[in-house]
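**Student:** One file: data-v3.cif (mmCIF, C-alpha atoms (C1' of nucleotides)).
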```cif
data_protein
loop_
_atom_site.label_atom_id
_atom_site.label_comp_id
_atom_site.auth_asym_id
_atom_site.auth_seq_id
_atom_site.Cartn_x
_atom_site.Cartn_y
_atom_site.Cartn_z
CA MET A 27 55.09 10.53 -12.85
CA ASP A 28 52.93 11.45 -9.89
CA TYR A 29 49.28 11.06 -10.86
CA GLY A 30 47.93 14.16 -9.16
CA ARG A 31 50.68 16.25 -10.67
CA ALA A 32 49.94 14.93 -14.16
CA LYS A 33 46.27 15.72 -13.67
CA ARG A 34 46.98 19.26 -12.52
CA ILE A 35 49.47 20.01 -15.28
CA ASN A 36 47.06 18.72 -17.90
CA GLN A 37 44.29 20.82 -16.42
CA LEU A 38 46.50 23.93 -16.45
CA LEU A 39 47.71 23.32 -19.99
CA THR A 40 44.20 22.91 -21.31
CA THR A 41 42.52 25.81 -19.55
CA VAL A 42 45.23 28.44 -19.52
CA TYR A 43 45.43 29.04 -23.22
CA GLY A 44 41.72 29.61 -23.56
CA GLU A 45 42.02 32.07 -20.73
CA VAL A 46 44.77 33.94 -22.55
CA LEU A 47 42.50 34.45 -25.54
CA ARG A 48 39.54 35.39 -23.38
CA VAL A 49 41.49 37.97 -21.40
CA GLU A 50 43.02 39.44 -24.55
CA GLU A 51 39.59 39.76 -26.10
CA LEU A 52 38.11 41.42 -23.02
CA ALA A 53 41.03 43.82 -22.78
CA LEU A 54 40.45 44.83 -26.39
CA ARG A 55 36.77 45.59 -25.72
CA GLN A 56 37.82 48.01 -23.02
CA SER A 57 40.63 49.65 -24.96
CA GLN A 58 40.58 52.22 -27.75
CA PHE A 59 40.52 49.31 -30.23
CA LYS A 60 36.95 48.17 -29.83
CA ASP A 61 36.39 47.36 -33.48
CA ILE A 62 38.81 44.46 -33.68
CA SER A 63 38.78 40.82 -32.56
CA ILE A 64 41.61 38.82 -31.05
CA LYS A 65 41.92 36.80 -34.25
CA GLU A 66 42.37 40.00 -36.18
CA VAL A 67 45.06 41.06 -33.71
CA HIS A 68 46.85 37.80 -34.32
CA ALA A 69 46.65 38.43 -38.04
CA ILE A 70 48.23 41.83 -37.42
CA ALA A 71 50.93 40.16 -35.33
CA ALA A 72 51.66 37.73 -38.16
CA ILE A 73 51.76 40.50 -40.76
CA SER A 74 54.26 42.21 -38.47
CA MET A 75 56.07 45.48 -38.76
CA TYR A 76 58.79 45.47 -41.37
CA GLU A 77 58.80 42.44 -43.63
CA HIS A 78 55.88 43.02 -46.00
CA LYS A 79 55.10 39.32 -46.32
CA THR A 80 52.77 38.02 -49.02
CA THR A 81 49.21 36.90 -48.39
CA SER A 82 50.10 33.22 -48.75
CA GLN A 83 53.04 33.50 -46.39
CA VAL A 84 50.91 35.06 -43.68
CA ALA A 85 48.07 32.59 -44.25
CA ARG A 86 50.48 29.68 -43.85
CA GLU A 87 51.81 31.13 -40.61
CA LEU A 88 48.29 31.55 -39.27
CA ARG A 89 47.28 28.11 -40.50
CA ILE A 90 44.31 29.41 -42.44
CA THR A 91 43.54 29.34 -46.16
CA PRO A 92 44.44 32.33 -48.36
CA GLY A 93 40.75 32.90 -49.01
CA THR A 94 40.06 33.32 -45.32
CA LEU A 95 42.95 35.74 -44.98
CA THR A 96 41.70 37.76 -47.94
CA THR A 97 38.40 38.48 -46.20
CA MET A 98 40.20 39.22 -42.94
CA VAL A 99 42.50 41.65 -44.71
CA ASN A 100 39.49 43.29 -46.37
CA HIS A 101 38.08 44.05 -42.94
CA LEU A 102 41.41 45.20 -41.56
CA VAL A 103 41.97 47.51 -44.53
CA ARG A 104 38.50 48.98 -44.13
CA LYS A 105 39.18 49.58 -40.45
CA ASP A 106 42.57 51.13 -41.25
CA TYR A 107 44.90 48.64 -39.58
CA VAL A 108 46.45 47.03 -42.67
CA GLN A 109 47.44 48.09 -46.16
CA ARG A 110 47.93 46.10 -49.32
CA LEU A 111 51.17 46.84 -51.12
CA ARG A 112 51.25 45.36 -54.59
CA SER A 113 54.84 44.43 -55.33
CA ASP A 114 56.16 45.64 -58.65
CA ASP A 115 58.56 42.85 -59.43
CA ASP A 116 55.82 40.20 -59.63
CA ARG A 117 52.37 41.70 -59.71
CA ARG A 118 50.63 38.48 -58.69
CA PHE A 119 51.83 38.92 -55.11
CA VAL A 120 50.11 41.11 -52.59
CA ARG A 121 52.42 42.30 -49.87
CA LEU A 122 50.89 43.21 -46.54
CA GLY A 123 51.87 46.05 -44.24
CA LEU A 124 50.52 47.82 -41.18
CA THR A 125 49.15 51.35 -41.03
CA ARG A 126 50.05 53.65 -38.16
CA ARG A 127 46.99 52.35 -36.33
CA GLY A 128 48.06 48.77 -37.07
CA ARG A 129 51.54 49.39 -35.70
CA LEU A 130 50.02 50.83 -32.54
CA ILE A 131 48.05 47.72 -31.82
CA TYR A 132 50.96 45.52 -32.85
CA ARG A 133 53.08 47.09 -30.14
CA ALA A 134 50.31 46.87 -27.54
CA HIS A 135 49.89 43.18 -28.25
CA GLU A 136 53.64 42.60 -28.14
CA SER A 137 53.78 44.30 -24.78
CA PHE A 138 50.98 42.17 -23.39
CA HIS A 139 52.86 39.04 -24.37
CA ARG A 140 56.10 40.33 -22.92
CA ARG A 141 54.41 40.95 -19.59
CA MET A 142 52.76 37.56 -19.78
CA VAL A 143 56.02 35.70 -20.30
CA GLU A 144 57.69 37.75 -17.59
CA SER A 145 55.04 36.77 -15.09
CA PHE A 146 55.21 33.21 -16.29
CA ALA A 147 58.92 33.15 -15.55
CA ARG A 148 58.75 35.12 -12.33
CA ASP A 149 61.37 34.12 -9.72
CA MET A 150 63.02 31.60 -11.98
CA ASP A 151 66.70 31.34 -12.73
CA ASP A 152 68.18 30.50 -16.06
CA GLU A 153 68.43 26.80 -15.35
CA GLN A 154 64.76 26.60 -14.47
CA LEU A 155 63.80 28.51 -17.59
CA GLN A 156 65.78 26.04 -19.61
CA ILE A 157 63.71 23.22 -18.11
CA ILE A 158 60.51 24.96 -19.13
CA GLU A 159 61.71 25.56 -22.65
CA LYS A 160 62.70 21.90 -22.81
CA ALA A 161 59.23 20.82 -21.71
CA LEU A 162 57.59 22.95 -24.37
CA LEU A 163 59.95 21.54 -26.98
CA ASN A 164 59.03 18.02 -25.82
CA LEU A 165 55.41 18.90 -26.31
CA GLN A 166 56.11 20.24 -29.78
CA ALA A 167 57.95 17.05 -30.68
CA PHE A 168 55.06 14.95 -29.42
CA LEU A 169 52.66 16.89 -31.59
CA GLU A 170 54.93 16.51 -34.59
CA LEU A 171 54.82 12.76 -34.05
CA ALA A 172 51.08 12.68 -33.47
CA ASP A 173 50.40 14.81 -36.53
CA PRO A 174 48.96 12.44 -39.12
CA THR A 175 49.95 14.78 -41.97
CA THR A 176 53.70 14.52 -41.27
CA PRO A 177 54.13 11.09 -39.71
CA ASN A 178 57.34 9.57 -41.04
CA LYS A 179 60.27 11.63 -42.20
CA MET B 65 65.51 37.33 -18.24
CA ASP B 66 67.49 36.46 -21.32
CA TYR B 67 65.87 38.12 -24.33
CA GLY B 68 66.21 35.23 -26.77
CA ARG B 69 64.84 32.84 -24.21
CA ALA B 70 61.81 35.05 -23.58
CA LYS B 71 61.22 35.28 -27.31
CA ARG B 72 61.40 31.51 -27.76
CA ILE B 73 59.19 30.70 -24.79
CA ASN B 74 56.58 33.18 -25.97
CA GLN B 75 56.72 31.69 -29.45
CA LEU B 76 56.28 28.17 -28.07
CA LEU B 77 53.44 29.15 -25.77
CA THR B 78 51.53 30.87 -28.54
CA THR B 79 51.97 28.25 -31.25
CA VAL B 80 51.85 25.01 -29.31
CA TYR B 81 48.26 25.22 -28.17
CA GLY B 82 46.95 25.83 -31.65
CA GLU B 83 48.95 22.80 -32.73
CA VAL B 84 47.32 20.68 -30.04
CA LEU B 85 43.88 21.53 -31.39
CA ARG B 86 44.95 21.01 -34.97
CA VAL B 87 46.49 17.60 -34.30
CA GLU B 88 43.48 16.49 -32.26
CA GLU B 89 41.17 17.54 -35.08
CA LEU B 90 43.22 15.72 -37.71
CA ALA B 91 43.39 12.58 -35.59
CA LEU B 92 39.61 12.62 -35.29
CA ARG B 93 39.20 12.81 -39.08
CA GLN B 94 41.24 9.63 -39.42
CA SER B 95 39.59 7.76 -36.58
CA GLN B 96 36.24 6.00 -36.37
CA PHE B 97 34.76 9.27 -35.06
CA LYS B 98 34.65 11.27 -38.26
CA ASP B 99 31.36 12.98 -37.53
CA ILE B 100 32.58 15.04 -34.58
CA SER B 101 34.65 18.18 -34.16
CA ILE B 102 37.27 18.93 -31.54
CA LYS B 103 34.94 21.43 -29.88
CA GLU B 104 32.33 18.73 -29.56
CA VAL B 105 34.94 16.43 -28.01
CA HIS B 106 35.72 19.11 -25.48
CA ALA B 107 32.03 19.37 -24.68
CA ILE B 108 32.00 15.61 -24.13
CA ALA B 109 35.05 15.93 -21.89
CA ALA B 110 33.27 18.62 -19.86
CA ILE B 111 30.09 16.58 -19.58
CA SER B 112 32.31 13.76 -18.31
CA MET B 113 31.53 10.24 -17.24
CA TYR B 114 29.71 10.05 -13.95
CA GLU B 115 28.50 13.38 -12.61
CA HIS B 116 25.45 14.20 -14.73
CA LYS B 117 26.03 17.94 -14.58
CA THR B 118 23.37 20.40 -15.65
CA THR B 119 23.45 22.34 -18.91
CA SER B 120 24.38 25.61 -17.22
CA GLN B 121 27.17 23.98 -15.24
CA VAL B 122 28.75 22.54 -18.35
CA ALA B 123 28.27 25.77 -20.28
CA ARG B 124 30.03 27.71 -17.53
CA GLU B 125 32.95 25.28 -17.57
CA LEU B 126 33.25 25.58 -21.33
CA ARG B 127 32.88 29.35 -21.16
CA ILE B 128 30.02 29.41 -23.64
CA THR B 129 26.40 30.51 -23.26
CA PRO B 130 23.67 27.98 -22.43
CA GLY B 131 22.06 28.65 -25.81
CA THR B 132 25.24 27.63 -27.60
CA LEU B 133 25.52 24.48 -25.53
CA THR B 134 21.89 23.58 -26.24
CA THR B 135 22.55 23.47 -29.98
CA MET B 136 25.78 21.57 -29.42
CA VAL B 137 23.96 19.01 -27.27
CA ASN B 138 21.26 18.70 -29.93
CA HIS B 139 23.91 17.67 -32.44
CA LEU B 140 25.61 15.32 -29.98
CA VAL B 141 22.33 13.66 -29.09
CA ARG B 142 21.47 13.19 -32.76
CA LYS B 143 24.89 11.63 -33.34
CA ASP B 144 24.47 9.39 -30.29
CA TYR B 145 27.27 10.68 -28.06
CA VAL B 146 25.22 12.41 -25.36
CA GLN B 147 21.90 11.91 -23.64
CA ARG B 148 19.65 14.31 -21.78
CA LEU B 149 18.49 13.09 -18.39
CA ARG B 150 15.69 15.17 -16.95
CA SER B 151 16.09 15.24 -13.20
CA ASP B 152 12.97 14.52 -11.23
CA ASP B 153 13.65 16.61 -8.17
CA ASP B 154 13.61 19.89 -10.11
CA ARG B 155 12.29 19.49 -13.59
CA ARG B 156 13.79 22.74 -14.85
CA PHE B 157 17.23 21.16 -14.88
CA VAL B 158 18.52 19.04 -17.69
CA ARG B 159 21.27 16.67 -16.63
CA LEU B 160 23.75 15.56 -19.26
CA GLY B 161 25.29 12.13 -19.64
CA LEU B 162 27.31 10.18 -22.20
CA THR B 163 26.12 7.27 -24.27
CA ARG B 164 28.32 4.22 -24.78
CA ARG B 165 29.70 5.90 -27.89
CA GLY B 166 30.28 9.11 -25.90
CA ARG B 167 32.18 7.23 -23.21
CA LEU B 168 34.34 5.62 -25.88
CA ILE B 169 35.47 8.95 -27.26
CA TYR B 170 35.81 10.37 -23.77
CA ARG B 171 38.36 7.72 -22.94
CA ALA B 172 40.21 8.15 -26.24
CA HIS B 173 40.52 11.86 -25.61
CA GLU B 174 41.66 11.29 -22.05
CA SER B 175 44.31 8.91 -23.26
CA PHE B 176 45.58 11.41 -25.82
CA HIS B 177 46.01 13.99 -23.09
CA ARG B 178 47.72 11.53 -20.80
CA ARG B 179 50.26 10.70 -23.50
CA MET B 180 50.68 14.39 -24.23
CA VAL B 181 51.48 15.28 -20.65
CA GLU B 182 53.78 12.31 -20.35
CA SER B 183 55.79 13.43 -23.33
CA PHE B 184 55.74 16.97 -22.05
CA ALA B 185 57.30 15.79 -18.80
CA ARG B 186 59.68 13.30 -20.35
CA ASP B 187 62.98 12.87 -18.47
CA MET B 188 62.01 15.23 -15.69
CA ASP B 189 62.23 14.60 -12.00
CA ASP B 190 59.70 15.68 -9.47
CA GLU B 191 61.48 18.91 -8.63
CA GLN B 192 61.51 19.96 -12.25
CA LEU B 193 57.84 19.14 -12.65
CA GLN B 194 57.14 21.31 -9.67
CA ILE B 195 58.86 24.20 -11.42
CA ILE B 196 56.69 23.72 -14.48
CA GLU B 197 53.53 23.59 -12.45
CA LYS B 198 54.64 26.75 -10.69
CA ALA B 199 55.19 28.52 -14.00
CA LEU B 200 51.72 27.60 -15.20
CA LEU B 201 50.25 28.80 -11.93
CA ASN B 202 52.14 32.09 -12.34
CA LEU B 203 50.59 32.45 -15.75
CA GLN B 204 47.14 31.74 -14.37
CA ALA B 205 47.64 34.37 -11.68
CA PHE B 206 48.77 36.90 -14.29
CA LEU B 207 45.62 36.25 -16.30
CA GLU B 208 43.46 36.60 -13.23
CA LEU B 209 45.03 40.02 -12.67
CA ALA B 210 44.74 41.05 -16.29
CA ASP B 211 41.11 39.92 -16.49
CA PRO B 212 39.02 43.10 -16.53
CA THR B 213 35.93 41.23 -15.30
CA THR B 214 37.50 40.23 -11.98
CA PRO B 215 40.03 42.97 -11.31
CA ASN B 216 39.97 43.73 -7.58
CA LYS B 217 38.99 41.21 -4.97
"C1'" DG C 132 53.00 33.38 -78.61
"C1'" DC C 133 50.60 29.56 -76.16
"C1'" DT C 134 50.20 26.79 -72.21
"C1'" DA C 135 50.93 25.59 -67.62
"C1'" DT C 136 51.74 27.33 -63.18
"C1'" DT C 137 51.22 30.48 -59.38
"C1'" DA C 138 48.91 34.06 -56.29
"C1'" DT C 139 44.97 36.02 -54.98
"C1'" DT C 140 40.06 36.87 -54.83
"C1'" DT C 141 35.27 35.63 -55.17
"C1'" DT C 142 31.46 32.76 -54.16
"C1'" DG C 143 28.60 29.62 -51.75
"C1'" DA C 144 28.18 26.74 -47.92
"C1'" DT C 145 28.82 25.49 -43.05
"C1'" DA C 146 30.00 25.64 -37.97
"C1'" DA C 147 30.29 28.17 -33.74
"C1'" DT C 148 28.69 31.63 -31.24
"C1'" DG C 149 26.04 35.38 -28.49
"C1'" DG C 150 21.89 37.80 -27.15
"C1'" DA C 151 17.15 38.39 -26.61
"C1'" DA C 152 12.67 36.55 -26.42
"C1'" DC C 153 10.22 32.67 -24.77
"C1'" DA C 154 8.40 28.41 -22.22
"C1'" DA C 155 8.43 25.50 -18.25
"C1'" DT C 156 9.09 25.06 -13.55
"C1'" DT C 157 9.95 26.29 -8.85
"C1'" DT C 158 10.15 29.52 -4.94
"C1'" DG C 159 8.66 32.80 -1.83
"C1'" DA C 160 5.77 36.53 -0.05
"C1'" DC C 161 1.62 37.38 1.39
"C1'" DG D 71 -3.17 28.45 -1.29
"C1'" DT D 72 -2.17 31.83 -5.05
"C1'" DC D 73 0.33 34.62 -7.89
"C1'" DA D 74 4.51 37.29 -9.00
"C1'" DA D 75 9.43 36.79 -9.36
"C1'" DA D 76 13.30 34.06 -10.23
"C1'" DT D 77 15.63 30.27 -12.49
"C1'" DT D 78 16.69 26.92 -16.24
"C1'" DG D 79 16.82 25.65 -20.65
"C1'" DT D 80 15.41 26.37 -25.56
"C1'" DT D 81 14.41 28.83 -29.83
"C1'" DC D 82 15.32 32.24 -33.07
"C1'" DC D 83 18.02 35.56 -35.45
"C1'" DA D 84 22.27 37.69 -36.62
"C1'" DT D 85 27.23 37.63 -36.93
"C1'" DT D 86 31.89 35.89 -37.50
"C1'" DA D 87 35.26 32.62 -38.95
"C1'" DT D 88 36.13 29.31 -41.84
"C1'" DC D 89 36.96 26.14 -46.11
"C1'" DA D 90 36.67 24.39 -50.89
"C1'" DA D 91 36.23 25.25 -55.45
"C1'" DA D 92 35.72 28.28 -59.28
"C1'" DA D 93 37.26 32.50 -61.27
"C1'" DT D 94 40.74 36.02 -62.25
"C1'" DA D 95 45.24 37.95 -63.03
"C1'" DA D 96 50.02 37.58 -63.80
"C1'" DT D 97 54.20 35.17 -64.92
"C1'" DA D 98 57.30 31.51 -66.71
"C1'" DG D 99 58.73 27.88 -69.80
"C1'" DC D 100 59.21 26.37 -73.96
#
```
Can you turn what I pasted into structure tokens?

**Tutor:**
Amino acid sequence: MDYGRAKRINQLLTTVYGEVLRVEELALRQSQFKDISIKEVHAIAAISMYEHKTTSQVARELRITPGTLTTMVNHLVRKDYVQRLRSDDDRRFVRLGLTRRGRLIYRAHESFHRRMVESFARDMDDEQLQIIEKALLNLQAFLELADPTTPNK
Amino acid sequence: MDYGRAKRINQLLTTVYGEVLRVEELALRQSQFKDISIKEVHAIAAISMYEHKTTSQVARELRITPGTLTTMVNHLVRKDYVQRLRSDDDRRFVRLGLTRRGRLIYRAHESFHRRMVESFARDMDDEQLQIIEKALLNLQAFLELADPTTPNK
DNA sequence: GCTATTATTTTGATAATGGAACAATTTGAC
DNA sequence: GTCAAATTGTTCCATTATCAAAATAATAGC
């Protein structure tokens, strides 16, 4: 693999994601949703619209502990983005849902990502997109291998 | 653009980077460098081997404030990864350099990224790599546009 | 009916961070 | 040459995100 190319791709991979978060955060500050951080938006995205997942499920998806999610949900309930729905079949579980305000920001965030992927894939045909998906899957496989918590299966 | 494909690429883009950080962090915990976090490693990577950049320069690269970097550097000096080199031409500047221990971890981190990019680009020819670089550049351009701090130039 | 298990919350500690005030140094206007 | 303004880095204070462990509440198995 060409050395300069490798350098540039590594550089892009490492900076671009931080930029995504930074731009999302800045956009929030200038929107009607000033009272919410990008991490909270990602929690809202994980809670999602229709499924009413449990606290543990969402925490696992977000890769944070249930305790951390509890405090996050406290804030999001206070700010009227999320609601707790105790499920009646097993009252240990807390099921999470979005309020109207939560759904609003959910859709705004979804739309940002749709535009982002569209621009990412601008001018590319299906074959080229397949290559990109393959590369990302390669990366995922590499990480799986490098992950010391799931080394040999 | 195929809807399922867009969905999958978005999913990969949003999860994979978090995984990179998580795996890097876990690998550190199991290495000889247990006393350092992934953010500190990235500070070391920004300080880099030979240039002796100033505090503000490095802070700008890392997108953090100089105050934050000062405390980070304090920790890294105490743990013997970084050294402060006052420059004699203008004594306001603090120039940052790596200790032997810092250079060791710098190279380990560099090697991780090299292996990562290699696996990312596995089985791809130069034309395909060019497509991937193009896609990442598209994404960068999108973010530039979406960035409310540098909107019209 | 107890006991063990499961889901969530609470509590206490820590790391990362920004912003504002501050100290040291240099520059530039006069 | 001197002093005010600008620049660089640091300190200090507050906030947010986070985890681990203890506590609480509910259920399941026997």

**Student:** When you draw a straight line from atom C1' of DT97 of chain D to atom CA of Pro92 of chain A, how long is it in Å?

**Tutor:**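 Computing it gives 19.4 Å between the two atoms.
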
**Student:** Which chain B residues are at most 12 Å from chain C (counting all atoms listed in the file), as a short mmCIF file (atom, residue, chain, number, x, y, z; two decimals) with C-alpha atoms, keeping the file's coordinate frame?

**Tutor:**
```cif
data_model
loop_
_atom_site.label_atom_id
_atom_site.label_comp_id
_atom_site.auth_asym_id
_atom_site.auth_seq_id
_atom_site.Cartn_x
_atom_site.Cartn_y
_atom_site.Cartn_z
CA ILE B 100 32.58 15.04 -34.58
CA SER B 101 34.65 18.18 -34.16
CA ILE B 102 37.27 18.93 -31.54
CA LYS B 103 34.94 21.43 -29.88
CA GLU B 104 32.33 18.73 -29.56
CA ARG B 127 32.88 29.35 -21.16
CA ILE B 128 30.02 29.41 -23.64
CA THR B 129 26.40 30.51 -23.26
CA PRO B 130 23.67 27.98 -22.43
CA GLY B 131 22.06 28.65 -25.81
CA THR B 132 25.24 27.63 -27.60
CA LEU B 133 25.52 24.48 -25.53
CA THR B 134 21.89 23.58 -26.24
CA THR B 135 22.55 23.47 -29.98
CA MET B 136 25.78 21.57 -29.42
CA HIS B 139 23.91 17.67 -32.44
CA ASP B 152 12.97 14.52 -11.23
CA ASP B 153 13.65 16.61 -8.17
CA ASP B 154 13.61 19.89 -10.11
CA ARG B 155 12.29 19.49 -13.59
CA ARG B 156 13.79 22.74 -14.85
CA PHE B 157 17.23 21.16 -14.88
CA VAL B 158 18.52 19.04 -17.69
#
```

**Student:** If you apply the PyMOL selection byres ((chain D) within 9 of (chain A)) to this file, what residues do you get, as a PyMOL selection string?

**Tutor:** chain D and resi 87-89+95-97

**Student:** If the PyMOL selection byres ((chain A) within 7 of (chain B)) were run on this exact file, what residues would it hold? Put them as a ChimeraX atom specification.

**Tutor:** /A:32,35-36,38,42-43,46,49,52-53,142-143,145-147,158-159,161-162,164-166,168-169,172-174

**Student:** Could you tell me how far atom CA of Arg121 of chain A sits from atom CA of Val84 of chain A, in Å to one decimal place?

**Tutor:**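 If I compute the distance from atom CA of Val84 of chain A to atom CA of Arg121 of chain A, I get 9.6 Å.
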
**Student:** In Å, rounded to a single decimal, give me how far atom CA of Leu122 of chain A is from atom CA of Arg110 of chain A.

**Tutor:** 5.0 Å

**Student:** Considering all atoms listed in the file, state which residue in the set B:Ala110, B:Ser95, B:Glu191, B:Gly68 is at the smallest distance from Tyr170 of chain B.

**Tutor:** B:Ala110

**Student:** Please determine an axis-aligned box that encloses all atoms of segment 154-162 of chain A listed in the file, with 8 Å added on each side, and express its centre and edge lengths in Å to one decimal as lines of an AutoDock Vina configuration file.

**Tutor:**
```
center_x = 61.7
center_y = 24.7
center_z = -19.4
size_x = 24.2
size_y = 23.7
size_z = 25.9
```

**Student:** Running the PyMOL selection byres ((chain B and resi 146) around 8) on this model by hand, what would come out? Give it as a CSV table (one decimal) with C-alpha atoms, in the frame of the given file.

**Tutor:**
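Now in result_37.csv:
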```csv
chain,number,residue,atom,x,y,z
B,108,ILE,CA,32.0,15.6,-24.1
B,137,VAL,CA,24.0,19.0,-27.3
B,140,LEU,CA,25.6,15.3,-30.0
B,141,VAL,CA,22.3,13.7,-29.1
B,144,ASP,CA,24.5,9.4,-30.3
B,145,TYR,CA,27.3,10.7,-28.1
B,147,GLN,CA,21.9,11.9,-23.6
B,148,ARG,CA,19.6,14.3,-21.8
B,160,LEU,CA,23.8,15.6,-19.3
B,161,GLY,CA,25.3,12.1,-19.6
B,162,LEU,CA,27.3,10.2,-22.2
B,163,THR,CA,26.1,7.3,-24.3
B,166,GLY,CA,30.3,9.1,-25.9
```
